[in-house]
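Notes for the one structure printed next.
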Amino acid sequence: MYISKVSLINYRNFANANFNFKKGINTIIGENGSGKTNVFKAVRLLLEDASLQYAYKLTEGDFNRTLDKNKWKGHWIIISIEFDELNDEEAIQSLFIHGAGIAEEDYVKKATYNLFFRPKADIRQKLSELAKGDTAGLQTLLDEINIQDNYETFFTGKSIADFNDPAVYKELVGDFENVIFPPTIDASKFGSKIPHQMSVAKEISFTFIQALRDVVSDFHNNRTNPLFTLLKNKSGEIKEADYKPISDLVNDLNESIEALPDVQNIRDDIKSTIQDAVGLTYSPSSLSIKSSVPDEAEKLLQSLKLFIGEPGEEYEGGIHELSLGGANLIFLTLKLLEFKYQKSKDTFANFLIIEEPEAHIHNHIQKALFDKLDYGDTQIIYSTHSTQISEVSNVENINILAKKLNYAEVYQPSTGLGPENINQIQRYLDAVRTNLLFAKGVILVEGDAEEILIPTMVKKAFGVSLDELGISLINIRSTGFENVAQLFHNDRIQRKCAILTDLDDAICDTTEVVGDSDALKKYKKKVAGSKQKGLARKVKLDAFEVGNIWVKAFYAKHTFEVDFITEGNELEVKKIINQVYVDQDTRDTAKADIEDADVSIYGKRVLTMAKQEGKGWFAIMLGKHISYKTILPSYIIDAIFFAKETSPNTIADIIDYRIKKNFGDDNKLDFTSCKVELLKYRNGETTLGDLAFDFDLVIPDDQILTLIDKLK
Amino acid sequence: MFIWEKDSINKEQEDAILENNSVLLIACPGSGKTRTLTFKIAYELSRLKSDKEFVIAITYTNRASDEIKERVELLGVDTTQLWIGTIHSFCMEWILKPYHLYSERLKNGFKVINSFDSEKILTELCAPYKKEKITYYDCGILAKPDGFYLTCLDSGKHNSLKKILGEYFKVLEKNRQIDFEQILFYSYEILKSKPVIANILCKLFPFVLIDEYQDTKEIQYHIISKILSVSKGASKTLIVGDPNQSIYDSLGGYPMPKDELEKLLGFELTPLSLDKNYRSSSAIISYFDYYKTFDTPIVAFGNGKDYSSSITFNSSVSVDNLIEELAQLILYNVEKAGISPNEICITAPQWVHIASITRKLIIRLPDFSFDGPGMAPFSRDIDNFWFKVSRIALTEPSPFMYVRRLRWSNEILNELDSAGVDVSNMTSKKFLRICNSLEIIEKDGLTYLRTFFNQICEKLKIASPNFPLLDEHFNSFFASSESRIQRLIDEGNPYIGDIENFRKVFRQRDGITVSTIHGTKGEEYDTVIGFGLLDGYVPHFNDNNGLENSKKLLYVLASRARKNLHLISERNRNVHKFYAPDGKPPTSHLTDYNFKYLHVL
């Protein structure tokens with residue numbers, strides 16, 4: 001049995017979220033504050049024995065923020081867990097199935113277990129008695145509700161409804177807008193009460209390992225020290241006969257210590273000092289020094305301490321002497337052992353939940369650890385923001401959390417994709433990191449030149465890096481963008497994905513003319529062929545984009561290098577001619593070619609140069625000469641602002657950066673009114689259009705105007 | 001493993017307990033059946049291999065399950081994995097509550113209608129049929145695997161009754177209620193429609209005990225065997241009872257023959273019997289042996305087997321002198337035979353006879369106390385929620401009562417929970433403490449209870465009108481109690497409404513028991529005095545199988561006695577000038593039985 005689905009409605013930062021899990025290892029990826037801990041909290045409320053009490057202590061603070069300021073009143077929190085692959089033939093599962101299993105005619109395969117935090121029966125009854133549309137009556141009723149008196153926690157099993165469906169929520173909870181509340185609850189959809197004979201948490205083995213933050217102090221605290229828990233478990237099992245010689249030794253030891261002449265001397269000295277000080281009458285009648293090494297198994301075992309040598313060192317030290325990473329590793333190991341002990345007990349399903357195992361564990365250990373963390377019959381779910389760890393997991397076993405204002409969304413990157421497509425993505429993710437699963441926006445590029453130059457150009461032109469903008473630039477190293485781009489879709493990852501590619505339009509007239517040399521004929525043919533391929537690619541990408549608001553392609557008219565010059569960056573290219581060519585004549589021709597206004601000439605030249613050096617090396621050379629003056633090609637700007645919506649503050653920062661750069665070059669420029677307007681813009685008092693007017697007066701040729709023009 | 005002292009049980013009992021196969025156990029009266037069952041349950045509990053398994057014991061009455069449970073607990077066995085109760089509670093707990101969602105009729109929730117409300121609805125529905133003399137009492141139904149059957153023997157009324165019951169079911173459905181027969185019917189239906197449920201349940205129940213099988217109905221056999229047959233004998237059962245004591249034929253109860261049972265269960269039953277009677281004297285045993293309808297051996301084995309029993313039969317006393325006759329018999333037994341009044345039982349076939357007799361005897365024998373159902377000032381509707389609360393309200397906290405009250409309190413919390421009240425913060429101890437803390441000074445019993453109930457609601461923050469089930473039960477509890485008190489007052493018991501009379505209901509039984517013959521089932525007394533043994537009552541006048549059923553009733557009646565047995569077929573009841581100048585004649589078996597009764601006491 002494994003957890004196949006977790007649905008969260010109105011719980012903490014989830015207004016309506018749905019996690020899908022598979023057998024084996026699962027990953028929840030998400031940035032900080034996206035709610036990774038809350039998913040686990042929800043699951044623990046239902047499955048962890050020690051957390052069950054908290055299920056009865058939910059408060060208004062547990063409602064999603066979209067329901068704050070008393071909007072929660074009357075609403076339900078729903079946490080629903082679906083299990084798959086049950087076996088009704090196994091006696092050990094019977095009680096669980098009795099309580100939660102969804103009975104098909106003659107078999108049970110799935111089960112559900114739900115927590116409802118809802119208004120008590122009396123409130124629900126009153127709600128159902130309201131006339132349809134009686135908004136005022138509803139408000140009066142809701143106003144009186146408070147959590148302590150009017151809410152209850154209720155567990156059901158066997159439900160088949162999809163709680164994530166807003167229509168289902170209306171049927172179960174009610175329609176607040178039109179004031180329609182159900183008088184009854186259809187158990188065939190929403191499940192029946194969990195029988196009191198059963199506690200789900202006792203049927204399964206569930207271990208939660210929280211994010212490792214301060215492991216050394218956890219080791220020092222008896223309650224949280226995992227070694228103590230393990231020893232305590234075992235101390236009960238020690239046979240008396242086995243322990244007897246030890247306790248005898250301890251007693252002997254205690255006696256020997258007490259008998260040490262020095263100890264006896266101290267005792268006598270204390271005694272005589274007291275007598276000297278207060279006199280015989282007030283002195284204690286007897287006094288002795290006793291050695292108190294514990295002789296009970298439990299206490300003695302707890303005095304055991306772990307001593308560990310770091311890899312490659314001979315010295316064994318206590319936990320506090322270990323490096324932080326080492327201590328974490330040991331902590332994690334002991335918790336895993338605790339899980340193994342628990343697993344062997346009378347339970348039929350094993351769940352291991354690990355929160356951010358990467359915290360403080362070295363990168364290369366992370367991957368090794370999770371490659372090996374496979375207990376066969378155990379489902380493991382961990383949260384992470386480490387690309388190292390997420391690389392280990394299968395794309396089908398990943399849930400991605402995305403933070404939104406007041407709530408979070410969950411994406412499953414492989415929903416609706418066939419095995420072949422999943423395979424493609426998986427191969428790609430294995431090879432190129434899982435960065436794109438973490439990004440807020442993605443730009444896909446086709447080659448090294450773009451991968452090298454675009455980040456530099458953006459940084460120099462805008463003063464902010466792509467990382468700061470939350471954009472991952474991914475080099476596909478081919479034009480097979482669809483393999484990766486298919487991840488971004490309404491059903492899958494709802495994040496923007498811009499595809500940057502070359503249209504490969506011909507840079508010259510490709511009509512063959514009588515008298516063309518063979519070489520020219522060949523060249524023209526090649527250019528024409530590229531053009532054709534480019535058009536075919538566009539047709540394909542156009543079709544791919546249809547109906548998907550998350551993906552859009554942006555084209556360089558010709559080729560990245562050619563368009564780089566077209567956009568006005570011949571200067572940068574000229575600077576590297578001397579590096580590319582040794583022969584002075586060639587250098588001169590090349591210079592003239594680049595300066596030529598005809599794309600068939602500068603285009604051919606720059607492509608020749610790039611080809612000679614290799615596009616990657618050429619880009620690296622060019623990268624050294626990129627400055628704030630380098631003009632970011634327009635289609636790239638479009639791609640950036642498609643991939644990630646940018647806040648006015650970030651745009652203001654970019655503008656501010658360009659003011660500083662321009663002023664640094666020419667301190668006679670007067671930006672006073674520009675700066676005033678910019679401040680207004682930051683505060684939302686003016687528009688980009690008005691801003692453009694002021695800048696046009698001071699720096700009419702700057703590329704910032706292009707940017708403003710695009711964004712306004 | 002549960003072990004017992006040597007000699008604490010006899011060989012037959014031990015055999016029944018240790019038998020590994022499923023057993024059909026025929027237990028003659030006084031054979032120590034309850035003791036055997038208690039030990040068997042304790043033994044099976046100790047054999048459970050996992051804490052996910054339950055021992056199930058199905059008894060005929062709630063009282064029997066309480067008693068057995070208490071006795072198992074006294075053996076020092078942990079009973080958390082014992083589930084014991086009537087077949088109706090079994091169906092509710094294990095089939096309807098967890099699986100009602102699979103029934104179209106029940107999926108939107110349901111509650112069990114109490115007998116008072118059900119009577120009210122049926123009485124109203126019968127009103128238009130006055131001409132046909134159809135009353136509530138004709139409306140009996142019997143659930144069978146294939147549907148509901150009318151129990152009314154007058155087939156001329158059937159057409160109208162079908163209409164009435166059709167309406168009745170509609171009303172219930174509208175109110176989302178079900179009645180007792182429907183509990184069985186829907187349970188069976190759910191098991192039938194989803195075979196996997198029986199499969200699940202069977203794995204939870206390695207052992208199922210069925211007590212009093214002779215009073216078990218066809219659909220009940222089917223429900224149990226649907227579950228047990230799945231494991232093809234891996235789950236064991238002990239079916240126990242005495243076909244000679246099958247006295248609920250009119251309600252559909254019958255001892256299913258062994259071969260039929262085996263066919264239904266799909267596995268074999270080992271036949272065993274308990275035939276040593278430890279209860280009665282040889283004289284009594286040889287007397288009631290005559291009424292056997294099934295040939296099962298009985299051997300007198302008790303310490304008192306040689307007691308020189310007085311067995312009398314009086315068919316000459318007139319109904320007018322009945323009280324005096326009963327008084328004389330009581331006085332004889334107490335004063336001459338040295339029998340304790342607590343060990344005397346006066347019994348008659350019908351409730352109406354004993355209700356009035358109790359009150360008259362109180363007047364005739366003021367020095368004795370009597371314990372009879374007619375004296376309870378409120379309805380003992382065990383399924384009424386507020387009746388359950390009244391058990392705590394009317395008993396005092398004491399170490400002796402603690403365990404019992406704790407159990408009651410637990411039952412109440414379970415009921416509250418299923419009524420939709422949030423009791424997550426409540427424990428049975430806490431609830432009991434709240435009950436004990438209420439101080440109500442009130443002489444009138446009903447007012448006392450009403451105040452008590454209201455205060456409980458207040459403490460638990462239950463706004464009663466919002467919980468329809470509690471509200472319905474509340475109203476019917478008081479409506480039926482009021483009408484009962486009024487009737488008792490009319491019959492000459494002006495003080496019946498006193499709180500003291502209320503409290504008496506739950507006191508330890510004290511004094512001479514007055515009960516219907518059906519009510520003495522499973523009980524035993526030194527002296528049993530039976531009256532009203534007249535043709536028309538025993539057997540009931542419209543019983544199709546009267547000859548056999550009346551024999552069984554006499555068997556049960558006579559086998560309750562340890563020492564003395566006094567039978568009375570009083571004259572002049574229902575005198576008809578022409579047809580019955582001396583009133584109803586004695587039950588034919590009594591006159592047919594050529595027994596040498598003692599003539600002079």
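In the structure tokens, the first chain shown is A, the next is B, and so on; residue numbers restart at 1 for each chain, and ligands run from 1 in the order shown.
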
Per residue of chain B within 8 Å of chain A, record the nearest atom pair and its distance in Å to one decimal, counting only C-alpha atoms, with rows in chain order and ascending residue number, as CSV.
```
residue,atom,partner,partner_atom,distance
B:Lys52,CA,A:Leu95,CA,6.0
B:Glu53,CA,A:Leu95,CA,7.9
B:Lys97,CA,A:Ser192,CA,7.4
B:Pro98,CA,A:Ser192,CA,6.1
B:Tyr99,CA,A:Ser192,CA,7.3
B:His100,CA,A:Ala187,CA,7.6
B:Leu101,CA,A:Ser188,CA,4.3
B:Tyr102,CA,A:Ser188,CA,6.1
B:Lys107,CA,A:Ala187,CA,5.1
B:Asn108,CA,A:Asp186,CA,4.5
B:Gly109,CA,A:Ile185,CA,7.2
B:Ser193,CA,A:Glu105,CA,7.0
B:Lys194,CA,A:Glu105,CA,4.6
B:Pro195,CA,A:Asp106,CA,5.3
B:Val196,CA,A:Asp106,CA,4.4
B:Ile197,CA,A:Ala103,CA,7.1
B:Asn199,CA,A:Asp88,CA,7.7
B:Ile200,CA,A:Ser94,CA,5.5
B:Leu201,CA,A:His98,CA,7.2
B:Lys203,CA,A:Ala91,CA,5.5
B:Leu204,CA,A:Ser94,CA,6.4
B:Gly420,CA,A:Ala121,CA,6.0
B:Val421,CA,A:Ala121,CA,6.9
B:Asp422,CA,A:Glu152,CA,6.1
B:Ser424,CA,A:Tyr56,CA,7.5
B:Ala463,CA,A:Asp122,CA,7.1
B:Asn466,CA,A:Asp122,CA,4.6
B:Phe467,CA,A:Asp122,CA,6.6
```

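Residues in contact range of A:Ile289, defined as at most 7 Å between only C-alpha atoms, with sequence neighbours fewer than 2 positions away removed, read Glu258, Arg267 and Ser291 of chain A.
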
Env of A:Gln275: 12 Å cut, atoms = only C-alpha atoms, seq-sep filter 6 positions within chain, self excluded. Answer as a ChimeraX atom specification.
/A:268-269,281-287

Please produce a file of the residues just selected, as an mmCIF file, in the first residue's frame, where the atoms kept are N, CA and C atoms.
```cif
data_model
loop_
_atom_site.group_PDB
_atom_site.id
_atom_site.type_symbol
_atom_site.label_atom_id
_atom_site.label_comp_id
_atom_site.auth_asym_id
_atom_site.auth_seq_id
_atom_site.Cartn_x
_atom_site.Cartn_y
_atom_site.Cartn_z
ATOM 1 N N ASP A 268 36.608 11.881 55.376
ATOM 2 C CA ASP A 268 37.003 12.179 56.757
ATOM 3 C C ASP A 268 37.195 13.671 56.965
ATOM 4 N N ASP A 269 37.791 14.310 55.942
ATOM 5 C CA ASP A 269 38.034 15.758 56.063
ATOM 6 C C ASP A 269 36.730 16.538 56.140
ATOM 7 N N THR A 281 26.915 18.294 68.076
ATOM 8 C CA THR A 281 25.455 18.229 68.176
ATOM 9 C C THR A 281 24.752 18.469 66.857
ATOM 10 N N TYR A 282 25.263 19.431 66.110
ATOM 11 C CA TYR A 282 24.570 19.788 64.873
ATOM 12 C C TYR A 282 25.120 19.073 63.645
ATOM 13 N N SER A 283 26.155 18.286 63.834
ATOM 14 C CA SER A 283 26.732 17.591 62.678
ATOM 15 C C SER A 283 25.861 16.407 62.269
ATOM 16 N N PRO A 284 25.895 16.064 60.990
ATOM 17 C CA PRO A 284 25.162 14.881 60.533
ATOM 18 C C PRO A 284 25.689 13.642 61.244
ATOM 19 N N SER A 285 24.777 12.707 61.500
ATOM 20 C CA SER A 285 25.205 11.536 62.244
ATOM 21 C C SER A 285 26.106 10.629 61.398
ATOM 22 N N SER A 286 25.844 10.609 60.080
ATOM 23 C CA SER A 286 26.744 9.830 59.239
ATOM 24 C C SER A 286 26.922 10.534 57.912
ATOM 25 N N LEU A 287 27.985 10.227 57.249
ATOM 26 C CA LEU A 287 28.277 10.903 55.995
ATOM 27 C C LEU A 287 29.185 9.993 55.177
#
```

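Among the candidates B:Ile41, B:Val403, B:Leu184, B:Met1, the one nearest to B:Val208 when counting only C-alpha atoms is B:Ile41.
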
Would you list the contacts of B:Glu212 as a ChimeraX atom specification, taking every protein, DNA or RNA residue within 9 Å and counting only C-alpha atoms, but skipping same-chain residues closer than 6 positions in sequence?
/B:58-60,239-243,245-246,255

Distance query A:Leu227 at most 9 Å, only C-alpha atoms, self and fewer than 2 positions along chain excluded, as JSON, numbers by chain:
{"A": [219, 224, 225, 229, 230, 231, 232, 302, 304, 305, 306, 331, 334, 335, 338]}
